[in-house]
Each structure stands twice: as structure tokens, then as C-alpha cells.
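Engineer: Take a look at this one; I'll ask things after.
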Amino acid sequence: MRVYEIRGGFGLDKLVYAERPDPEPGPMQVRVRVKATSLNYRDLMMVEGRYNPRQKLPLVPNSDGAGVVDAVGPGVTRVKVGDRVMGLFAQAWLAGEPSRQVQGSTLGGPQDGALADTMLLHEDGAIPTPAHLTDEEASTLPCAAVTAWSALVTQGGIKAGDTVLLQGTGGVSIFALQIARMMGARVILTSSRDDKLERARALGAHEGINYVTTPDWDKTARTLTGGTGVDHVVEVGGAGTFEKSLRAVRLGGTVSVIGVLSGGAGAMALTPILMGNLRVQGVFVGHRQSFEALNRALTLHGVRPVVDRVFPFAETRAAFEHLKSGAHFGKVVIRVE
């Protein structure tokens with residue numbers, strides 16, 4: 001099997017091509033010929049050693065992959081050879097609350113991931129691919145789309161007429177835009193570029209705020225809601241944007257923390273959370289039930305993921321550099337086969 005692995009230390013220069021023997025599926029395992037894998041900011045952080053500096057190496061990164069089952073081990077009944085499937089982010093998380101076991105079962109670290117032409121999955125962690133999606137599109141769902149669904153629906157409970165504030169135009173934010181529109185919510189989205197705001201409006205965003213020309217975007221969001229504040233913020237920025245998110249949300253509103261693009265540590269006052277009766281929730285992607293609910297919704301509405309660019313397997317390093325540049329709109333995908 002062909003893989004890219006982090007070997008001999010961290011950094012993009014340590015992400016190298018390698019070949020390994022083809023694995024044979026054991027009991028309850030399925031072998032998937034990977035057709036496409038998508039990139040998340042988590043994957044970049046893993047390669048650079050910022051996600052888990054103690055991660056054991058070598059490691060095949062990337063949590064998200066889609067392909068075709070080509071072999072099954074003893075006892076497998078959920079899927080069969082020839083089925084198109086995606087990998088569940090946390091292989092051991094089928095429903096309910098997460099656990100240490102769940103955290104230890106995540107693909108792309110600590111378990112080998114999808115940046116390979118072959119991967120082994122537990123049958124419980126092989127999710128049928130929606131028929132209307134290509135393998136490249138399907139490869140974008142397991143982390144970013146499920147995270148957005150968990151934040152807004154499974155944990156967030158948004159409803160028609162709610163107002164959602166989204167930050168940027170990366171994978172999670174664009175999926176959150178599509179999900180919020182499916183649920184009948186109003187979307188306000190921020191970006192540093194007017195052309196990206198226009199593309200977001202074409203996807204259904206109601207208002208856009210350029211946070212470069214309008215640095216007090218939290219005040220603008222409150223103005224757009226008649227001074228009340230938004231119902232829900234999907235917080236991807238981290239320490240650099242969190243306080244503004246607290247100021248943008250209404251009394252009793254929700255802030256879903258799903259990213260740390262501007263840093264994961266910083267001093268902050270707890271008073272706004274207390275006095276605003278706010279709900280601040282961390283979102284660790286999601287379980288299989290959430291993934292399956294998301295897929296039903298995407299299929300019902302015919303929604304397709306927004307793929308920014310598809311790179312060939314041989315240009316994996318360039319794909320990571322493109323993600324790191326922040327120039328993308330939606331998801332960056334690597335075609336494996």
C-alpha cells in the first residue's frame with residue numbers, strides 16, 4: 001500500500017511517501033481502498049506537531065477518507081465488498097457521550113488515518129456514502145461536516161428563524177452555512193475577503209461582515225439583530241476571537257467552540273458568560289448517530305459539499321501548503337486513486 005507518513009519528527013518536511021505491506025482485515029474489520037481524502041486544520045496541526053507533540057511516529061495522518069470496501073474480515077455484517085464507505089472519525093464512538101476510549105480511536109492520530117491508498121476500519125466505523133456524492137465530496141464529511149452538524153443540531157438544537165454567526169469560509173464554517181440553511185436559520189458570516197463573502201451569499205448567507213474593514217464585527221452582528229445578538233456562534237478562531245463571540249451572542253445564547261485558528265490559550269474574563277447566561281460548548285466532532293443523521297439530511301436536500309480544489313496524491317505536500325495559506329473556500333481534497 002502507498003502511504004504518506006509523519007516520520008522522524010514533525011513538520012511538512014517530515015511528511016514523506018512510503019510503501020507498506022497491504023493489511024489483511026481481522027475479525028470485524030473491513031479493508032477500504034481509499035479514493036479520496038480531505039484535509040482539516042487538525043491534520044495540519046498533527047503534521048506540524050501542534051496537535052499532540054507526544055504522538056507516536058510514524059503516523060499516517062488525515063482523519064477523513066472515502067473509498068470502496070475490497071475485503072472484509074470474519075464476522076462482518078454491516079458492509080460488503082463493493083460498498084462505498086467513509087471512515088468514522090472516532091471509530092469507537094457510536095452514540096452517547098465520548099470517553100477516553102473514544103478519544104484513543106480517532107483516525108489520523110493516534111490511529112493511522114486516510115492519507116493512504118488503503119485503510120482498515122472497524123465495521124462499526126465504516127459509514128455508507130450518500131449515493132448522490134462523489135468520493136471526493138464524501139471524503140469531506142467525517143470531520144468538518146459532522147462537527148458542524150454536532151455544533152448546530154445534535155448539541156446546539158437550532159431551529160427555524162434562529163440567527164447563526166459563522167467565522168471564515170473554511171470547511172466547518174461552509175458546512176455550518178449549508179446546515180443552518182437546511183434548518184431554516186439566518187446566517188451571518190465573517191471573512192477577510194469580500195469575494196469570499198459574495199460566494200457565501202451565493203450559498204445562502206444572509207449577511208457578510210469583512211472583519212478586516214470592520215474589526216468590531218461583534219458590534220455589527222448585534223446591530224444586524226436589532227441589538228439583541230445572535231442565537232448561536234460557531235467559534236473557529238480560538239483565543240483571538242472568543243471574546244468578540246461572547247459579545248456577539250444574545251443573552252442565553254450558545255457559543256460552540258470547535259477550532260483554535262488564532263491560538264488555543266489566552267486570558268479572558270468569565271463575567272460575560274455568567275452575566276449573559278451563556279452556554280459555551282466544546283465540540284469534539286461527533287458520533288455515528290450524528291453522522292448518519294447528517295447523511296440523511298444531505299440526501300433529502302441534495303446538498304453537496306463545497307470542494308475548493310482537488311490535488312493528486314503525488315502533490316500531497318502542496319495540498320497541505322494550500323490549506324495552510326488560508327486561500328481555500330470550503331474543503332481541500334487529495335485524490336488517492
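Each chain in the C-alpha cells gets a letter, A, B, ..., in the order shown, and its residues are numbered from 1; ligands are numbered from 1 in order too.
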Among region 96-296 of chain A, which residues does DSSP mark as helix (DSSP H, G or I) when it is run on the backbone? Keep the chain and numbering as in the structure and answer as a VMD selection string.
Structural biologist: chain A and resid 100 to 103 123 to 125 135 to 138 141 to 154 171 to 182 194 to 203 217 to 224 242 to 248 271 to 275 288 to 296
Engineer: Just list as a ChimeraX atom specification whatever in region 189-252 of chain A DSSP marks as strand (DSSP E).
Structural biologist: /A:189-191,207-210,230-235,249-252
Engineer: Please provide the set of residues having any atom within 12 Å of region 288-301 of chain A, restricted to only C-alpha atoms, with same-chain residues fewer than 5 positions apart removed, written as a PyMOL selection string.
Structural biologist: chain A and resi 85-98+102+123-133+137-138+141-155+175-176+178-183
Engineer: Would you work out the distance separating CA of Leu39 (chain A) from CA of Ala200 (chain A), expressed in Å to one decimal?
Structural biologist: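 Taking CA of Leu39 (chain A) and CA of Ala200 (chain A), their separation equals 20.3 Å.
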Engineer: Counting only C-alpha atoms, which of A:Pro25, A:Pro110, A:Gly67, A:Gly330 gets nearest to His122 (chain A)?
Structural biologist: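 Among A:Pro25, A:Pro110, A:Gly67, A:Gly330, it is A:Pro25 that comes nearest to His122 (chain A).
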Engineer: Taking only C-alpha atoms into account, name the residue in A:Ser192, A:Asn277, A:Thr271, A:Thr228 that is nearest to Phe329 (chain A).
Structural biologist: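 Closest to Phe329 (chain A), using only C-alpha atoms: A:Ser192.
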Engineer: Got a sec: who's within 9 Å of Ile258 (chain A), counting only C-alpha atoms, leaving out chain neighbours fewer than 5 positions off, as a short mmCIF file (atom, residue, chain, number, x, y, z; two decimals) with N, CA and C atoms, in the first residue's frame?
Structural biologist:
data_model
loop_
_atom_site.label_atom_id
_atom_site.label_comp_id
_atom_site.auth_asym_id
_atom_site.auth_seq_id
_atom_site.Cartn_x
_atom_site.Cartn_y
_atom_site.Cartn_z
N THR A 147 -18.75 17.80 12.56
CA THR A 147 -18.53 18.82 13.59
C THR A 147 -19.57 19.92 13.49
N ALA A 148 -19.80 20.41 12.29
CA ALA A 148 -20.80 21.47 12.09
C ALA A 148 -22.19 20.99 12.48
N ALA A 151 -22.41 20.72 16.30
CA ALA A 151 -22.47 22.03 16.93
C ALA A 151 -23.86 22.64 16.81
N VAL A 172 -15.47 23.70 8.08
CA VAL A 172 -16.53 23.65 9.08
C VAL A 172 -17.53 24.79 8.88
N VAL A 234 -20.61 29.79 15.88
CA VAL A 234 -19.70 28.67 15.67
C VAL A 234 -18.29 29.25 15.68
N GLU A 235 -17.60 29.03 16.79
CA GLU A 235 -16.33 29.68 17.10
C GLU A 235 -15.16 28.82 16.60
N VAL A 236 -14.53 29.26 15.51
CA VAL A 236 -13.39 28.52 14.95
C VAL A 236 -12.07 29.23 15.20
N GLY A 237 -12.12 30.49 15.62
CA GLY A 237 -10.90 31.28 15.75
C GLY A 237 -10.08 30.96 16.97
N GLY A 238 -10.74 30.64 18.08
CA GLY A 238 -9.99 30.38 19.30
C GLY A 238 -9.81 31.62 20.14
N GLN A 281 -20.05 25.53 24.56
CA GLN A 281 -19.90 24.09 24.41
C GLN A 281 -18.72 23.77 23.50
N GLY A 282 -17.88 22.85 23.96
CA GLY A 282 -16.84 22.32 23.10
C GLY A 282 -17.42 21.21 22.25
N VAL A 283 -16.95 21.13 21.00
CA VAL A 283 -17.49 20.13 20.08
C VAL A 283 -16.35 19.25 19.57
N PHE A 284 -16.38 17.99 19.96
CA PHE A 284 -15.37 17.01 19.55
C PHE A 284 -15.95 16.16 18.42
N VAL A 285 -16.07 16.76 17.25
CA VAL A 285 -16.62 16.13 16.04
C VAL A 285 -18.00 15.53 16.36
#
Engineer: Nearest to Gly253 (chain A) among A:Val212, A:Ala318, A:Val164, A:Leu107, with distances taken over only C-alpha atoms: which residue is it?
Structural biologist: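 Selected residue with least distance to Gly253 (chain A): A:Val164.
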Engineer: Excluding Lys219 (chain A) and its own-chain neighbours fewer than 3 positions away, which residues fall within 9 Å of it when counting only C-alpha atoms? Please give them as a PyMOL selection string.
Structural biologist: chain A and resi 216+222-224+227+229+244+247-248
Engineer: Could you take the residues named above and write them with N, CA and C atoms, as a PDB file, in the first residue's frame?
Structural biologist:
ATOM      1  N   ASP A 216     -14.736  45.550  14.492  1.00  0.00           N
ATOM      2  CA  ASP A 216     -15.735  45.351  15.557  1.00  0.00           C
ATOM      3  C   ASP A 216     -16.937  44.587  15.007  1.00  0.00           C
ATOM      4  N   ARG A 222     -24.525  42.424  16.354  1.00  0.00           N
ATOM      5  CA  ARG A 222     -25.609  42.818  17.255  1.00  0.00           C
ATOM      6  C   ARG A 222     -26.540  43.821  16.565  1.00  0.00           C
ATOM      7  N   THR A 223     -25.942  44.747  15.803  1.00  0.00           N
ATOM      8  CA  THR A 223     -26.760  45.718  15.074  1.00  0.00           C
ATOM      9  C   THR A 223     -27.680  45.014  14.080  1.00  0.00           C
ATOM     10  N   LEU A 224     -27.132  43.995  13.384  1.00  0.00           N
ATOM     11  CA  LEU A 224     -27.920  43.262  12.391  1.00  0.00           C
ATOM     12  C   LEU A 224     -29.059  42.473  13.027  1.00  0.00           C
ATOM     13  N   GLY A 227     -29.865  44.715  17.957  1.00  0.00           N
ATOM     14  CA  GLY A 227     -29.287  44.918  19.277  1.00  0.00           C
ATOM     15  C   GLY A 227     -29.401  43.716  20.203  1.00  0.00           C
ATOM     16  N   GLY A 229     -28.435  40.369  19.568  1.00  0.00           N
ATOM     17  CA  GLY A 229     -27.351  39.408  19.481  1.00  0.00           C
ATOM     18  C   GLY A 229     -27.810  38.138  18.782  1.00  0.00           C
ATOM     19  N   LYS A 244     -14.987  38.354  21.333  1.00  0.00           N
ATOM     20  CA  LYS A 244     -15.942  39.006  20.433  1.00  0.00           C
ATOM     21  C   LYS A 244     -17.167  38.108  20.214  1.00  0.00           C
ATOM     22  N   ARG A 247     -19.507  38.616  22.955  1.00  0.00           N
ATOM     23  CA  ARG A 247     -20.219  39.898  22.857  1.00  0.00           C
ATOM     24  C   ARG A 247     -21.251  39.893  21.732  1.00  0.00           C
ATOM     25  N   ALA A 248     -21.071  38.995  20.761  1.00  0.00           N
ATOM     26  CA  ALA A 248     -21.998  38.962  19.622  1.00  0.00           C
ATOM     27  C   ALA A 248     -23.248  38.155  19.909  1.00  0.00           C
TER      28      ALA A 248
END
Engineer: List the spatial neighbours of Lys56 (chain A) as JSON, numbers by chain - criterion: any atom at most 10 Å away, only C-alpha atoms, same-chain residues fewer than 3 positions off excluded.
Structural biologist: {"A": [6, 7, 9, 52, 53, 59, 109, 110, 111]}
Engineer: Between region 92-200 of chain A and region 323-328 of chain A, at 12 Å or less, what are the per-residue closest atom pairs and their distances in Å? Count only C-alpha atoms, order by chain and rising residue number, and return it as JSON lines.
Structural biologist:
{"residue": "A:Gly168", "atom": "CA", "partner": "A:Gly326", "partner_atom": "CA", "distance": 9.6}
{"residue": "A:Thr169", "atom": "CA", "partner": "A:His328", "partner_atom": "CA", "distance": 7.7}
{"residue": "A:Gly170", "atom": "CA", "partner": "A:His328", "partner_atom": "CA", "distance": 6.8}
{"residue": "A:Gly171", "atom": "CA", "partner": "A:His328", "partner_atom": "CA", "distance": 8.8}
{"residue": "A:Ser173", "atom": "CA", "partner": "A:His328", "partner_atom": "CA", "distance": 11.9}
{"residue": "A:Ile174", "atom": "CA", "partner": "A:His328", "partner_atom": "CA", "distance": 11.0}
{"residue": "A:Ser191", "atom": "CA", "partner": "A:Gly326", "partner_atom": "CA", "distance": 11.0}
{"residue": "A:Ser192", "atom": "CA", "partner": "A:Gly326", "partner_atom": "CA", "distance": 10.4}
{"residue": "A:Arg193", "atom": "CA", "partner": "A:Ala327", "partner_atom": "CA", "distance": 9.9}
{"residue": "A:Asp195", "atom": "CA", "partner": "A:Ala327", "partner_atom": "CA", "distance": 11.4}
{"residue": "A:Lys196", "atom": "CA", "partner": "A:His328", "partner_atom": "CA", "distance": 9.4}
{"residue": "A:Arg199", "atom": "CA", "partner": "A:His328", "partner_atom": "CA", "distance": 11.9}
Engineer: Residues as selected, N, CA and C atoms, written as a tab-separated table (two decimals), in the first residue's frame, can you do that?
Structural biologist:
chain	number	residue	atom	x	y	z
A	168	GLY	N	-15.34	32.87	9.02
A	168	GLY	CA	-14.50	32.40	7.93
A	168	GLY	C	-15.22	31.49	6.95
A	169	THR	N	-14.43	30.99	5.98
A	169	THR	CA	-15.01	30.19	4.90
A	169	THR	C	-14.26	28.87	4.72
A	170	GLY	N	-13.72	28.35	5.82
A	170	GLY	CA	-13.11	27.03	5.78
A	170	GLY	C	-14.16	25.94	5.81
A	171	GLY	N	-13.69	24.69	5.94
A	171	GLY	CA	-14.58	23.56	5.81
A	171	GLY	C	-15.74	23.55	6.79
A	173	SER	N	-17.02	25.98	8.64
A	173	SER	CA	-17.91	27.14	8.51
A	173	SER	C	-18.83	27.03	7.29
A	174	ILE	N	-18.31	26.53	6.18
A	174	ILE	CA	-19.15	26.39	4.99
A	174	ILE	C	-20.18	25.28	5.19
A	191	SER	N	-15.52	37.19	7.08
A	191	SER	CA	-14.36	36.79	6.28
A	191	SER	C	-13.46	38.00	6.12
A	192	SER	N	-12.22	37.75	5.74
A	192	SER	CA	-11.29	38.85	5.49
A	192	SER	C	-11.36	39.33	4.05
A	193	ARG	N	-12.14	38.63	3.21
A	193	ARG	CA	-12.17	38.96	1.77
A	193	ARG	C	-13.60	39.11	1.29
A	195	ASP	N	-14.66	38.92	-1.79
A	195	ASP	CA	-15.05	37.93	-2.80
A	195	ASP	C	-15.54	36.65	-2.15
A	196	LYS	N	-14.94	36.28	-1.02
A	196	LYS	CA	-15.42	35.10	-0.30
A	196	LYS	C	-16.79	35.36	0.32
A	199	ARG	N	-19.31	34.80	-2.35
A	199	ARG	CA	-19.54	33.37	-2.60
A	199	ARG	C	-20.41	32.77	-1.49
Engineer: So, with only C-alpha atoms as the atoms that count, which of A:Gly208, A:Gly65, A:Tyr17, A:Leu44 lies closest to His322 (chain A)?
Structural biologist: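 Using only C-alpha atoms, the shortest distance to His322 (chain A) belongs to A:Leu44.
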Engineer: Between A:Leu270, A:Val60, A:Val187, A:Val333, which residue has the minimum interatomic distance to Ala116 (chain A), considering only C-alpha atoms?
Structural biologist: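 Looking at the shortest contact to Ala116 (chain A), the residue is A:Val60.
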Engineer: At a cut-off of 9 Å, using only C-alpha atoms, what residues contact Gly75 (chain A)? Leave out same-chain residues fewer than 3 positions from it and give the result as a PyMOL selection string.
Structural biologist: chain A and resi 27-29+72
Engineer: Would you mind exporting C-alpha atoms of the selected residues as an mmCIF file, in the first residue's frame?
Structural biologist:
data_model
loop_
_atom_site.group_PDB
_atom_site.id
_atom_site.type_symbol
_atom_site.label_atom_id
_atom_site.label_comp_id
_atom_site.auth_asym_id
_atom_site.auth_seq_id
_atom_site.Cartn_x
_atom_site.Cartn_y
_atom_site.Cartn_z
ATOM 1 C CA PRO A 27 -12.309 -10.050 12.854
ATOM 2 C CA MET A 28 -14.949 -7.297 12.468
ATOM 3 C CA GLN A 29 -12.610 -5.246 10.237
ATOM 4 C CA VAL A 72 -13.910 -7.978 4.956
#
